[in-house]
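Okay, so here's the structure we're looking at.
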Amino acid sequence: MSSSTTHSAQWHDQPGFGIALFVINLILMAVMGAMVKTLSVSYPLTEILSYRFICAMLAFAITLPSVGGLAGLKTSRPFGHAVRTVSGIVSLGLLYFALSTIPLADATALVYSAPIFIVVFSIPLLGETIGWRRWSAVLLGFIGVILIAQPGASMNIGTLAGIGSAIGAALVSIFLRRLSKTEKTVTIGFYYNFTGTLVYTGWAISIGWVMPLASDALLIAAFGLLAGLQQWALNHSHRYAEASMLAPFEYLILIFAALLGYVFWAEVPSFTTWIGAAIIVASGLFIIARKRAIGQT
């Protein structure tokens, strides 16, 4: 066994630690969502996104020496990086818009319907064959989305943004799966966050940068710090536990978001939101279990 193989095996010998890091990542994501909702009252979303991308980019820049510095950014798959980066930038922008306009639990539940769209996109983009069981889970998941969205003439544009964010997140997942076969994690993350920094910082400056009030400076600094910590926890969680082991825990964020929404904004999810979220979770978990059963990664 090579040293690299041994090192990889040692990483995955601590699944409990990996799961703990992954749950911390989810808690930080929920807290950041609450911060976005708070900051969006006084600051443009483009500026908030700029803070997020700058801090995340710095987190990846610090790790660049581990892949040989700037030489580690060399890639033979620019198109894959471009699609992953654009999808991610748009998805996060739509998520922040949803968080600023609809209840925290609703926005989170809609975004975490992404596994449903992953199944749909995996047919043309990955050439997968989808059986009737997963198609049934997809249809069930769409019912969950409809229950939360309640489409009609009065449907909130934030709801549409949440669904759009889920679609973007699904594309990100598909292209990450393809890129991860040949590209380093640091390379993928740096291109994404560097581009996001340029896009949203430039956009925020063009519409008028709002200088933070002294009373908000600490919150903004904490938001940036949490963005870096969340990226670190997410990346390192996959070093200690397999992705298939971590995936079922992802839906804990729905609980964290609902609690934060209730504590800070007295948001009580409607009955249809709870039912829709439960259906989305059941659909997602079945899709994950079915993929594992048939040996797909």
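In the structure tokens, each chain is lettered A, B, ... as it comes, each chain's residues begin at 1, and ligands are numbered from 1 in order of appearance.
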Close residues, region 119-122 of chain A itself excluded, 12 Å, only C-alpha atoms, min 5 positions apart in chain, as a PDB file with all heavy atoms, in the first residue's frame:
ATOM      1  N   SER A 113     -33.962  20.851  -1.969  1.00  0.00           N
ATOM      2  CA  SER A 113     -34.611  19.945  -2.920  1.00  0.00           C
ATOM      3  C   SER A 113     -33.668  19.639  -4.084  1.00  0.00           C
ATOM      4  O   SER A 113     -34.052  18.942  -5.031  1.00  0.00           O
ATOM      5  CB  SER A 113     -35.913  20.564  -3.452  1.00  0.00           C
ATOM      6  OG  SER A 113     -35.650  21.735  -4.224  1.00  0.00           O
ATOM      7  N   ALA A 114     -32.437  20.130  -4.006  1.00  0.00           N
ATOM      8  CA  ALA A 114     -31.456  19.940  -5.088  1.00  0.00           C
ATOM      9  C   ALA A 114     -31.291  18.480  -5.525  1.00  0.00           C
ATOM     10  O   ALA A 114     -31.150  18.217  -6.729  1.00  0.00           O
ATOM     11  CB  ALA A 114     -30.106  20.533  -4.684  1.00  0.00           C
ATOM     12  N   GLY A 127     -25.126  10.626 -18.231  1.00  0.00           N
ATOM     13  CA  GLY A 127     -25.488   9.415 -18.952  1.00  0.00           C
ATOM     14  C   GLY A 127     -26.038   8.317 -18.065  1.00  0.00           C
ATOM     15  O   GLY A 127     -25.974   7.137 -18.424  1.00  0.00           O
ATOM     16  N   GLU A 128     -26.593   8.682 -16.902  1.00  0.00           N
ATOM     17  CA  GLU A 128     -27.134   7.679 -15.998  1.00  0.00           C
ATOM     18  C   GLU A 128     -28.510   7.201 -16.464  1.00  0.00           C
ATOM     19  O   GLU A 128     -29.248   7.932 -17.122  1.00  0.00           O
ATOM     20  CB  GLU A 128     -27.256   8.251 -14.576  1.00  0.00           C
ATOM     21  CG  GLU A 128     -25.927   8.514 -13.898  1.00  0.00           C
ATOM     22  CD  GLU A 128     -26.107   8.936 -12.452  1.00  0.00           C
ATOM     23  OE1 GLU A 128     -27.254   8.921 -11.954  1.00  0.00           O
ATOM     24  OE2 GLU A 128     -25.092   9.290 -11.812  1.00  0.00           O
ATOM     25  N   THR A 129     -28.811   5.974 -16.117  1.00  0.00           N
ATOM     26  CA  THR A 129     -30.137   5.420 -16.370  1.00  0.00           C
ATOM     27  C   THR A 129     -30.913   5.429 -15.068  1.00  0.00           C
ATOM     28  O   THR A 129     -30.455   4.884 -14.063  1.00  0.00           O
ATOM     29  CB  THR A 129     -30.031   3.981 -16.907  1.00  0.00           C
ATOM     30  OG1 THR A 129     -29.279   3.988 -18.126  1.00  0.00           O
ATOM     31  CG2 THR A 129     -31.420   3.418 -17.162  1.00  0.00           C
ATOM     32  N   ILE A 130     -32.063   6.051 -15.081  1.00  0.00           N
ATOM     33  CA  ILE A 130     -32.854   6.199 -13.858  1.00  0.00           C
ATOM     34  C   ILE A 130     -34.043   5.238 -13.892  1.00  0.00           C
ATOM     35  O   ILE A 130     -34.836   5.238 -14.829  1.00  0.00           O
ATOM     36  CB  ILE A 130     -33.375   7.647 -13.718  1.00  0.00           C
ATOM     37  CG1 ILE A 130     -32.215   8.639 -13.854  1.00  0.00           C
ATOM     38  CG2 ILE A 130     -34.103   7.824 -12.394  1.00  0.00           C
ATOM     39  CD1 ILE A 130     -31.119   8.455 -12.840  1.00  0.00           C
ATOM     40  N   GLY A 131     -34.133   4.397 -12.848  1.00  0.00           N
ATOM     41  CA  GLY A 131     -35.216   3.429 -12.770  1.00  0.00           C
ATOM     42  C   GLY A 131     -36.490   4.038 -12.213  1.00  0.00           C
ATOM     43  O   GLY A 131     -36.523   5.192 -11.775  1.00  0.00           O
ATOM     44  N   TRP A 132     -37.543   3.242 -12.211  1.00  0.00           N
ATOM     45  CA  TRP A 132     -38.850   3.756 -11.791  1.00  0.00           C
ATOM     46  C   TRP A 132     -38.885   4.156 -10.320  1.00  0.00           C
ATOM     47  O   TRP A 132     -39.635   5.057  -9.931  1.00  0.00           O
ATOM     48  CB  TRP A 132     -39.935   2.719 -12.084  1.00  0.00           C
ATOM     49  CG  TRP A 132     -39.871   1.468 -11.245  1.00  0.00           C
ATOM     50  CD1 TRP A 132     -39.219   0.314 -11.533  1.00  0.00           C
ATOM     51  CD2 TRP A 132     -40.497   1.273  -9.971  1.00  0.00           C
ATOM     52  NE1 TRP A 132     -39.391  -0.602 -10.530  1.00  0.00           N
ATOM     53  CE2 TRP A 132     -40.182  -0.037  -9.557  1.00  0.00           C
ATOM     54  CE3 TRP A 132     -41.299   2.062  -9.147  1.00  0.00           C
ATOM     55  CZ2 TRP A 132     -40.618  -0.572  -8.350  1.00  0.00           C
ATOM     56  CZ3 TRP A 132     -41.752   1.540  -7.947  1.00  0.00           C
ATOM     57  CH2 TRP A 132     -41.407   0.234  -7.562  1.00  0.00           C
ATOM     58  N   ARG A 133     -38.036   3.515  -9.497  1.00  0.00           N
ATOM     59  CA  ARG A 133     -38.038   3.854  -8.080  1.00  0.00           C
ATOM     60  C   ARG A 133     -37.546   5.273  -7.854  1.00  0.00           C
ATOM     61  O   ARG A 133     -38.149   6.043  -7.094  1.00  0.00           O
ATOM     62  CB  ARG A 133     -37.165   2.861  -7.296  1.00  0.00           C
ATOM     63  CG  ARG A 133     -37.700   1.439  -7.267  1.00  0.00           C
ATOM     64  CD  ARG A 133     -36.763   0.534  -6.496  1.00  0.00           C
ATOM     65  NE  ARG A 133     -37.242  -0.852  -6.458  1.00  0.00           N
ATOM     66  CZ  ARG A 133     -37.020  -1.737  -7.421  1.00  0.00           C
ATOM     67  NH1 ARG A 133     -36.324  -1.378  -8.503  1.00  0.00           N
ATOM     68  NH2 ARG A 133     -37.476  -2.966  -7.314  1.00  0.00           N
ATOM     69  N   ARG A 134     -36.421   5.629  -8.517  1.00  0.00           N
ATOM     70  CA  ARG A 134     -35.913   6.988  -8.339  1.00  0.00           C
ATOM     71  C   ARG A 134     -36.803   8.019  -9.024  1.00  0.00           C
ATOM     72  O   ARG A 134     -36.933   9.143  -8.550  1.00  0.00           O
ATOM     73  CB  ARG A 134     -34.466   7.086  -8.837  1.00  0.00           C
ATOM     74  CG  ARG A 134     -33.462   6.610  -7.789  1.00  0.00           C
ATOM     75  CD  ARG A 134     -32.059   7.027  -8.120  1.00  0.00           C
ATOM     76  NE  ARG A 134     -31.518   6.244  -9.219  1.00  0.00           N
ATOM     77  CZ  ARG A 134     -30.385   6.549  -9.846  1.00  0.00           C
ATOM     78  NH1 ARG A 134     -29.708   7.626  -9.519  1.00  0.00           N
ATOM     79  NH2 ARG A 134     -29.938   5.781 -10.822  1.00  0.00           N
ATOM     80  N   TRP A 135     -37.430   7.627 -10.147  1.00  0.00           N
ATOM     81  CA  TRP A 135     -38.374   8.557 -10.776  1.00  0.00           C
ATOM     82  C   TRP A 135     -39.552   8.811  -9.838  1.00  0.00           C
ATOM     83  O   TRP A 135     -40.063   9.942  -9.743  1.00  0.00           O
ATOM     84  CB  TRP A 135     -38.878   8.001 -12.105  1.00  0.00           C
ATOM     85  CG  TRP A 135     -38.010   8.351 -13.278  1.00  0.00           C
ATOM     86  CD1 TRP A 135     -37.423   7.490 -14.152  1.00  0.00           C
ATOM     87  CD2 TRP A 135     -37.634   9.669 -13.712  1.00  0.00           C
ATOM     88  NE1 TRP A 135     -36.697   8.184 -15.103  1.00  0.00           N
ATOM     89  CE2 TRP A 135     -36.816   9.511 -14.856  1.00  0.00           C
ATOM     90  CE3 TRP A 135     -37.896  10.953 -13.241  1.00  0.00           C
ATOM     91  CZ2 TRP A 135     -36.269  10.606 -15.536  1.00  0.00           C
ATOM     92  CZ3 TRP A 135     -37.344  12.040 -13.901  1.00  0.00           C
ATOM     93  CH2 TRP A 135     -36.548  11.868 -15.035  1.00  0.00           C
ATOM     94  N   SER A 136     -39.983   7.787  -9.118  1.00  0.00           N
ATOM     95  CA  SER A 136     -41.069   7.962  -8.159  1.00  0.00           C
ATOM     96  C   SER A 136     -40.651   8.918  -7.045  1.00  0.00           C
ATOM     97  O   SER A 136     -41.433   9.774  -6.591  1.00  0.00           O
ATOM     98  CB  SER A 136     -41.464   6.609  -7.549  1.00  0.00           C
ATOM     99  OG  SER A 136     -41.945   5.734  -8.557  1.00  0.00           O
ATOM    100  N   ALA A 137     -39.378   8.783  -6.584  1.00  0.00           N
ATOM    101  CA  ALA A 137     -38.868   9.678  -5.543  1.00  0.00           C
ATOM    102  C   ALA A 137     -38.786  11.112  -6.052  1.00  0.00           C
ATOM    103  O   ALA A 137     -39.069  12.062  -5.308  1.00  0.00           O
ATOM    104  CB  ALA A 137     -37.486   9.200  -5.088  1.00  0.00           C
ATOM    105  N   VAL A 138     -38.407  11.274  -7.323  1.00  0.00           N
ATOM    106  CA  VAL A 138     -38.337  12.606  -7.915  1.00  0.00           C
ATOM    107  C   VAL A 138     -39.722  13.250  -7.951  1.00  0.00           C
ATOM    108  O   VAL A 138     -39.899  14.413  -7.566  1.00  0.00           O
ATOM    109  CB  VAL A 138     -37.741  12.543  -9.336  1.00  0.00           C
ATOM    110  CG1 VAL A 138     -37.955  13.860 -10.092  1.00  0.00           C
ATOM    111  CG2 VAL A 138     -36.258  12.214  -9.276  1.00  0.00           C
ATOM    112  N   LEU A 139     -40.709  12.500  -8.412  1.00  0.00           N
ATOM    113  CA  LEU A 139     -42.071  13.025  -8.478  1.00  0.00           C
ATOM    114  C   LEU A 139     -42.596  13.367  -7.079  1.00  0.00           C
ATOM    115  O   LEU A 139     -43.252  14.399  -6.880  1.00  0.00           O
ATOM    116  CB  LEU A 139     -42.996  12.003  -9.150  1.00  0.00           C
ATOM    117  CG  LEU A 139     -42.742  11.764 -10.640  1.00  0.00           C
ATOM    118  CD1 LEU A 139     -43.642  10.642 -11.158  1.00  0.00           C
ATOM    119  CD2 LEU A 139     -42.979  13.042 -11.439  1.00  0.00           C
ATOM    120  N   GLY A 141     -40.737  14.222  -4.563  1.00  0.00           N
ATOM    121  CA  GLY A 141     -40.013  15.418  -4.153  1.00  0.00           C
ATOM    122  C   GLY A 141     -40.610  16.683  -4.740  1.00  0.00           C
ATOM    123  O   GLY A 141     -40.704  17.718  -4.067  1.00  0.00           O
ATOM    124  N   PHE A 142     -41.031  16.611  -6.008  1.00  0.00           N
ATOM    125  CA  PHE A 142     -41.661  17.770  -6.638  1.00  0.00           C
ATOM    126  C   PHE A 142     -42.971  18.135  -5.945  1.00  0.00           C
ATOM    127  O   PHE A 142     -43.326  19.313  -5.839  1.00  0.00           O
ATOM    128  CB  PHE A 142     -41.909  17.512  -8.119  1.00  0.00           C
ATOM    129  CG  PHE A 142     -40.695  17.757  -8.979  1.00  0.00           C
ATOM    130  CD1 PHE A 142     -40.233  16.771  -9.842  1.00  0.00           C
ATOM    131  CD2 PHE A 142     -40.033  18.964  -8.937  1.00  0.00           C
ATOM    132  CE1 PHE A 142     -39.117  16.994 -10.628  1.00  0.00           C
ATOM    133  CE2 PHE A 142     -38.920  19.194  -9.726  1.00  0.00           C
ATOM    134  CZ  PHE A 142     -38.451  18.205 -10.570  1.00  0.00           C
ATOM    135  N   ILE A 167     -31.865  24.420  -8.367  1.00  0.00           N
ATOM    136  CA  ILE A 167     -31.463  23.974  -9.709  1.00  0.00           C
ATOM    137  C   ILE A 167     -29.983  24.257  -9.935  1.00  0.00           C
ATOM    138  O   ILE A 167     -29.234  23.408 -10.443  1.00  0.00           O
ATOM    139  CB  ILE A 167     -32.327  24.666 -10.777  1.00  0.00           C
ATOM    140  CG1 ILE A 167     -33.785  24.190 -10.662  1.00  0.00           C
ATOM    141  CG2 ILE A 167     -31.793  24.384 -12.184  1.00  0.00           C
ATOM    142  CD1 ILE A 167     -34.750  24.956 -11.550  1.00  0.00           C
ATOM    143  N   GLY A 168     -29.550  25.455  -9.535  1.00  0.00           N
ATOM    144  CA  GLY A 168     -28.133  25.796  -9.668  1.00  0.00           C
ATOM    145  C   GLY A 168     -27.257  24.886  -8.830  1.00  0.00           C
ATOM    146  O   GLY A 168     -26.188  24.445  -9.264  1.00  0.00           O
ATOM    147  N   ALA A 169     -27.706  24.587  -7.605  1.00  0.00           N
ATOM    148  CA  ALA A 169     -26.937  23.707  -6.723  1.00  0.00           C
ATOM    149  C   ALA A 169     -26.826  22.304  -7.311  1.00  0.00           C
ATOM    150  O   ALA A 169     -25.809  21.622  -7.141  1.00  0.00           O
ATOM    151  CB  ALA A 169     -27.603  23.652  -5.352  1.00  0.00           C
ATOM    152  N   ALA A 170     -27.878  21.856  -8.003  1.00  0.00           N
ATOM    153  CA  ALA A 170     -27.837  20.538  -8.643  1.00  0.00           C
ATOM    154  C   ALA A 170     -26.774  20.507  -9.739  1.00  0.00           C
ATOM    155  O   ALA A 170     -26.014  19.532  -9.862  1.00  0.00           O
ATOM    156  CB  ALA A 170     -29.209  20.200  -9.226  1.00  0.00           C
ATOM    157  N   LEU A 171     -26.704  21.565 -10.535  1.00  0.00           N
ATOM    158  CA  LEU A 171     -25.673  21.646 -11.576  1.00  0.00           C
ATOM    159  C   LEU A 171     -24.285  21.665 -10.954  1.00  0.00           C
ATOM    160  O   LEU A 171     -23.349  21.053 -11.474  1.00  0.00           O
ATOM    161  CB  LEU A 171     -25.898  22.890 -12.439  1.00  0.00           C
ATOM    162  CG  LEU A 171     -27.076  22.828 -13.410  1.00  0.00           C
ATOM    163  CD1 LEU A 171     -27.291  24.194 -14.069  1.00  0.00           C
ATOM    164  CD2 LEU A 171     -26.840  21.764 -14.484  1.00  0.00           C
ATOM    165  N   VAL A 172     -24.144  22.389  -9.847  1.00  0.00           N
ATOM    166  CA  VAL A 172     -22.855  22.428  -9.150  1.00  0.00           C
ATOM    167  C   VAL A 172     -22.449  21.018  -8.746  1.00  0.00           C
ATOM    168  O   VAL A 172     -21.303  20.603  -8.950  1.00  0.00           O
ATOM    169  CB  VAL A 172     -22.944  23.330  -7.900  1.00  0.00           C
ATOM    170  CG1 VAL A 172     -21.711  23.129  -7.012  1.00  0.00           C
ATOM    171  CG2 VAL A 172     -23.050  24.796  -8.306  1.00  0.00           C
ATOM    172  N   SER A 173     -23.380  20.267  -8.157  1.00  0.00           N
ATOM    173  CA  SER A 173     -23.082  18.911  -7.705  1.00  0.00           C
ATOM    174  C   SER A 173     -22.662  18.013  -8.862  1.00  0.00           C
ATOM    175  O   SER A 173     -21.702  17.235  -8.747  1.00  0.00           O
ATOM    176  CB  SER A 173     -24.313  18.323  -7.005  1.00  0.00           C
ATOM    177  OG  SER A 173     -24.050  17.022  -6.543  1.00  0.00           O
ATOM    178  N   ILE A 174     -23.379  18.127  -9.982  1.00  0.00           N
ATOM    179  CA  ILE A 174     -23.069  17.300 -11.154  1.00  0.00           C
ATOM    180  C   ILE A 174     -21.661  17.586 -11.653  1.00  0.00           C
ATOM    181  O   ILE A 174     -20.861  16.665 -11.902  1.00  0.00           O
ATOM    182  CB  ILE A 174     -24.082  17.571 -12.289  1.00  0.00           C
ATOM    183  CG1 ILE A 174     -25.476  17.053 -11.914  1.00  0.00           C
ATOM    184  CG2 ILE A 174     -23.599  16.943 -13.602  1.00  0.00           C
ATOM    185  CD1 ILE A 174     -25.627  15.566 -11.927  1.00  0.00           C
ATOM    186  N   PHE A 175     -21.324  18.860 -11.790  1.00  0.00           N
ATOM    187  CA  PHE A 175     -20.016  19.212 -12.348  1.00  0.00           C
ATOM    188  C   PHE A 175     -18.893  19.027 -11.332  1.00  0.00           C
ATOM    189  O   PHE A 175     -17.746  18.753 -11.719  1.00  0.00           O
ATOM    190  CB  PHE A 175     -20.040  20.632 -12.913  1.00  0.00           C
ATOM    191  CG  PHE A 175     -20.597  20.674 -14.311  1.00  0.00           C
ATOM    192  CD1 PHE A 175     -21.960  20.772 -14.516  1.00  0.00           C
ATOM    193  CD2 PHE A 175     -19.765  20.561 -15.411  1.00  0.00           C
ATOM    194  CE1 PHE A 175     -22.499  20.780 -15.798  1.00  0.00           C
ATOM    195  CE2 PHE A 175     -20.284  20.562 -16.708  1.00  0.00           C
ATOM    196  CZ  PHE A 175     -21.651  20.671 -16.898  1.00  0.00           C
ATOM    197  N   ARG A 177     -18.853  16.495  -9.348  1.00  0.00           N
ATOM    198  CA  ARG A 177     -18.620  15.055  -9.466  1.00  0.00           C
ATOM    199  C   ARG A 177     -17.702  14.764 -10.644  1.00  0.00           C
ATOM    200  O   ARG A 177     -16.810  13.914 -10.561  1.00  0.00           O
ATOM    201  CB  ARG A 177     -19.962  14.336  -9.633  1.00  0.00           C
ATOM    202  CG  ARG A 177     -19.874  12.823  -9.467  1.00  0.00           C
ATOM    203  CD  ARG A 177     -21.202  12.158  -9.732  1.00  0.00           C
ATOM    204  NE  ARG A 177     -22.312  12.757  -8.990  1.00  0.00           N
ATOM    205  CZ  ARG A 177     -23.569  12.369  -9.113  1.00  0.00           C
ATOM    206  NH1 ARG A 177     -23.883  11.391  -9.962  1.00  0.00           N
ATOM    207  NH2 ARG A 177     -24.516  12.941  -8.415  1.00  0.00           N
ATOM    208  N   ARG A 178     -17.914  15.493 -11.737  1.00  0.00           N
ATOM    209  CA  ARG A 178     -17.087  15.270 -12.925  1.00  0.00           C
ATOM    210  C   ARG A 178     -15.678  15.831 -12.736  1.00  0.00           C
ATOM    211  O   ARG A 178     -14.687  15.198 -13.096  1.00  0.00           O
ATOM    212  CB  ARG A 178     -17.756  15.919 -14.138  1.00  0.00           C
ATOM    213  CG  ARG A 178     -19.101  15.286 -14.490  1.00  0.00           C
ATOM    214  CD  ARG A 178     -19.835  16.018 -15.596  1.00  0.00           C
ATOM    215  NE  ARG A 178     -19.129  15.966 -16.864  1.00  0.00           N
ATOM    216  CZ  ARG A 178     -19.624  16.410 -18.012  1.00  0.00           C
ATOM    217  NH1 ARG A 178     -20.847  16.946 -18.039  1.00  0.00           N
ATOM    218  NH2 ARG A 178     -18.936  16.320 -19.128  1.00  0.00           N
ATOM    219  N   SER A 283     -37.746  12.001   0.062  1.00  0.00           N
ATOM    220  CA  SER A 283     -37.361  11.793  -1.328  1.00  0.00           C
ATOM    221  C   SER A 283     -35.851  11.797  -1.476  1.00  0.00           C
ATOM    222  O   SER A 283     -35.268  10.921  -2.131  1.00  0.00           O
ATOM    223  CB  SER A 283     -37.991  12.889  -2.203  1.00  0.00           C
ATOM    224  OG  SER A 283     -37.478  12.840  -3.519  1.00  0.00           O
ATOM    225  N   GLY A 284     -35.204  12.787  -0.851  1.00  0.00           N
ATOM    226  CA  GLY A 284     -33.747  12.889  -0.948  1.00  0.00           C
ATOM    227  C   GLY A 284     -33.045  11.698  -0.337  1.00  0.00           C
ATOM    228  O   GLY A 284     -32.077  11.167  -0.907  1.00  0.00           O
ATOM    229  N   PHE A 286     -34.231   8.689   0.059  1.00  0.00           N
ATOM    230  CA  PHE A 286     -34.446   7.505  -0.772  1.00  0.00           C
ATOM    231  C   PHE A 286     -33.516   7.523  -1.981  1.00  0.00           C
ATOM    232  O   PHE A 286     -32.945   6.483  -2.355  1.00  0.00           O
ATOM    233  CB  PHE A 286     -35.897   7.429  -1.242  1.00  0.00           C
ATOM    234  CG  PHE A 286     -36.165   6.226  -2.117  1.00  0.00           C
ATOM    235  CD1 PHE A 286     -36.442   4.996  -1.561  1.00  0.00           C
ATOM    236  CD2 PHE A 286     -36.090   6.324  -3.513  1.00  0.00           C
ATOM    237  CE1 PHE A 286     -36.650   3.871  -2.353  1.00  0.00           C
ATOM    238  CE2 PHE A 286     -36.293   5.216  -4.315  1.00  0.00           C
ATOM    239  CZ  PHE A 286     -36.580   3.980  -3.734  1.00  0.00           C
ATOM    240  N   ILE A 287     -33.366   8.698  -2.591  1.00  0.00           N
ATOM    241  CA  ILE A 287     -32.466   8.817  -3.762  1.00  0.00           C
ATOM    242  C   ILE A 287     -31.041   8.449  -3.365  1.00  0.00           C
ATOM    243  O   ILE A 287     -30.346   7.718  -4.083  1.00  0.00           O
ATOM    244  CB  ILE A 287     -32.535  10.244  -4.332  1.00  0.00           C
ATOM    245  CG1 ILE A 287     -33.887  10.481  -5.018  1.00  0.00           C
ATOM    246  CG2 ILE A 287     -31.393  10.484  -5.315  1.00  0.00           C
ATOM    247  CD1 ILE A 287     -34.139  11.919  -5.404  1.00  0.00           C
ATOM    248  N   ILE A 288     -30.599   8.945  -2.198  1.00  0.00           N
ATOM    249  CA  ILE A 288     -29.249   8.631  -1.712  1.00  0.00           C
ATOM    250  C   ILE A 288     -29.106   7.128  -1.467  1.00  0.00           C
ATOM    251  O   ILE A 288     -28.135   6.493  -1.891  1.00  0.00           O
ATOM    252  CB  ILE A 288     -28.959   9.400  -0.410  1.00  0.00           C
ATOM    253  CG1 ILE A 288     -28.871  10.902  -0.695  1.00  0.00           C
ATOM    254  CG2 ILE A 288     -27.654   8.909   0.229  1.00  0.00           C
ATOM    255  CD1 ILE A 288     -28.873  11.758   0.557  1.00  0.00           C
ATOM    256  N   ARG A 290     -30.861   4.675  -2.707  1.00  0.00           N
ATOM    257  CA  ARG A 290     -30.972   3.911  -3.944  1.00  0.00           C
ATOM    258  C   ARG A 290     -29.668   3.963  -4.740  1.00  0.00           C
ATOM    259  O   ARG A 290     -29.243   2.940  -5.309  1.00  0.00           O
ATOM    260  CB  ARG A 290     -32.133   4.470  -4.793  1.00  0.00           C
ATOM    261  CG  ARG A 290     -32.422   3.655  -6.052  1.00  0.00           C
ATOM    262  CD  ARG A 290     -32.773   2.232  -5.719  1.00  0.00           C
ATOM    263  NE  ARG A 290     -32.919   1.421  -6.930  1.00  0.00           N
ATOM    264  CZ  ARG A 290     -32.954   0.103  -6.936  1.00  0.00           C
ATOM    265  NH1 ARG A 290     -32.853  -0.571  -5.796  1.00  0.00           N
ATOM    266  NH2 ARG A 290     -33.094  -0.560  -8.065  1.00  0.00           N
ATOM    267  N   LYS A 291     -29.023   5.128  -4.755  1.00  0.00           N
ATOM    268  CA  LYS A 291     -27.741   5.250  -5.453  1.00  0.00           C
ATOM    269  C   LYS A 291     -26.697   4.343  -4.819  1.00  0.00           C
ATOM    270  O   LYS A 291     -25.893   3.732  -5.494  1.00  0.00           O
ATOM    271  CB  LYS A 291     -27.282   6.704  -5.452  1.00  0.00           C
ATOM    272  CG  LYS A 291     -28.061   7.605  -6.425  1.00  0.00           C
ATOM    273  CD  LYS A 291     -27.686   9.052  -6.275  1.00  0.00           C
ATOM    274  CE  LYS A 291     -26.274   9.339  -6.753  1.00  0.00           C
ATOM    275  NZ  LYS A 291     -26.145   9.172  -8.194  1.00  0.00           N
ATOM    276  N   GLN A 296     -23.750   3.437  -7.437  1.00  0.00           N
ATOM    277  CA  GLN A 296     -23.353   4.655  -8.131  1.00  0.00           C
ATOM    278  C   GLN A 296     -22.759   5.626  -7.128  1.00  0.00           C
ATOM    279  O   GLN A 296     -23.125   5.644  -5.958  1.00  0.00           O
ATOM    280  CB  GLN A 296     -24.566   5.318  -8.801  1.00  0.00           C
ATOM    281  CG  GLN A 296     -25.103   4.509  -9.960  1.00  0.00           C
ATOM    282  CD  GLN A 296     -26.208   5.266 -10.680  1.00  0.00           C
ATOM    283  OE1 GLN A 296     -26.517   6.387 -10.354  1.00  0.00           O
ATOM    284  NE2 GLN A 296     -26.805   4.631 -11.664  1.00  0.00           N
ATOM    285  N   THR A 297     -21.835   6.465  -7.611  1.00  0.00           N
ATOM    286  CA  THR A 297     -21.176   7.445  -6.756  1.00  0.00           C
ATOM    287  C   THR A 297     -21.525   8.826  -7.197  1.00  0.00           C
ATOM    288  O   THR A 297     -22.078   9.010  -8.248  1.00  0.00           O
ATOM    289  CB  THR A 297     -19.658   7.259  -6.809  1.00  0.00           C
ATOM    290  OG1 THR A 297     -19.221   7.392  -8.185  1.00  0.00           O
ATOM    291  CG2 THR A 297     -19.260   5.896  -6.306  1.00  0.00           C
TER     292      THR A 297
END
Leaving out region 207-214 of chain A and any residue of its chain fewer than 3 positions from it, which residues lie within 12 Å of it when counting only C-alpha atoms, given as a ChimeraX atom specification? /A:39-40,42-48,50-51,200-204,217-221
Just give me the gap between CA of Gln14 (chain A) and CA of Tyr240 (chain A) in Å, one decimal is fine.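 Atom-to-atom, CA of Gln14 (chain A) to CA of Tyr240 (chain A), that is 5.3 Å.
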Quick one: everything within 9 Å of Ile54 (chain A), counting only C-alpha atoms, minus sequence neighbours fewer than 6 positions away in the same chain. Send it as a list of chain:residue names.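 Residues near the query, excluding close chain neighbours: A:Asn193, A:Phe194, A:Gly196, A:Thr197, A:Leu198, A:Thr201, A:Gly224.
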Nearest to Thr75 (chain A): which of A:Ala282, A:Val186, A:Leu254, A:Met155 is it, counting only C-alpha atoms?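 Of A:Ala282, A:Val186, A:Leu254, A:Met155, the one nearest Thr75 (chain A), counting only C-alpha atoms, is A:Val186.
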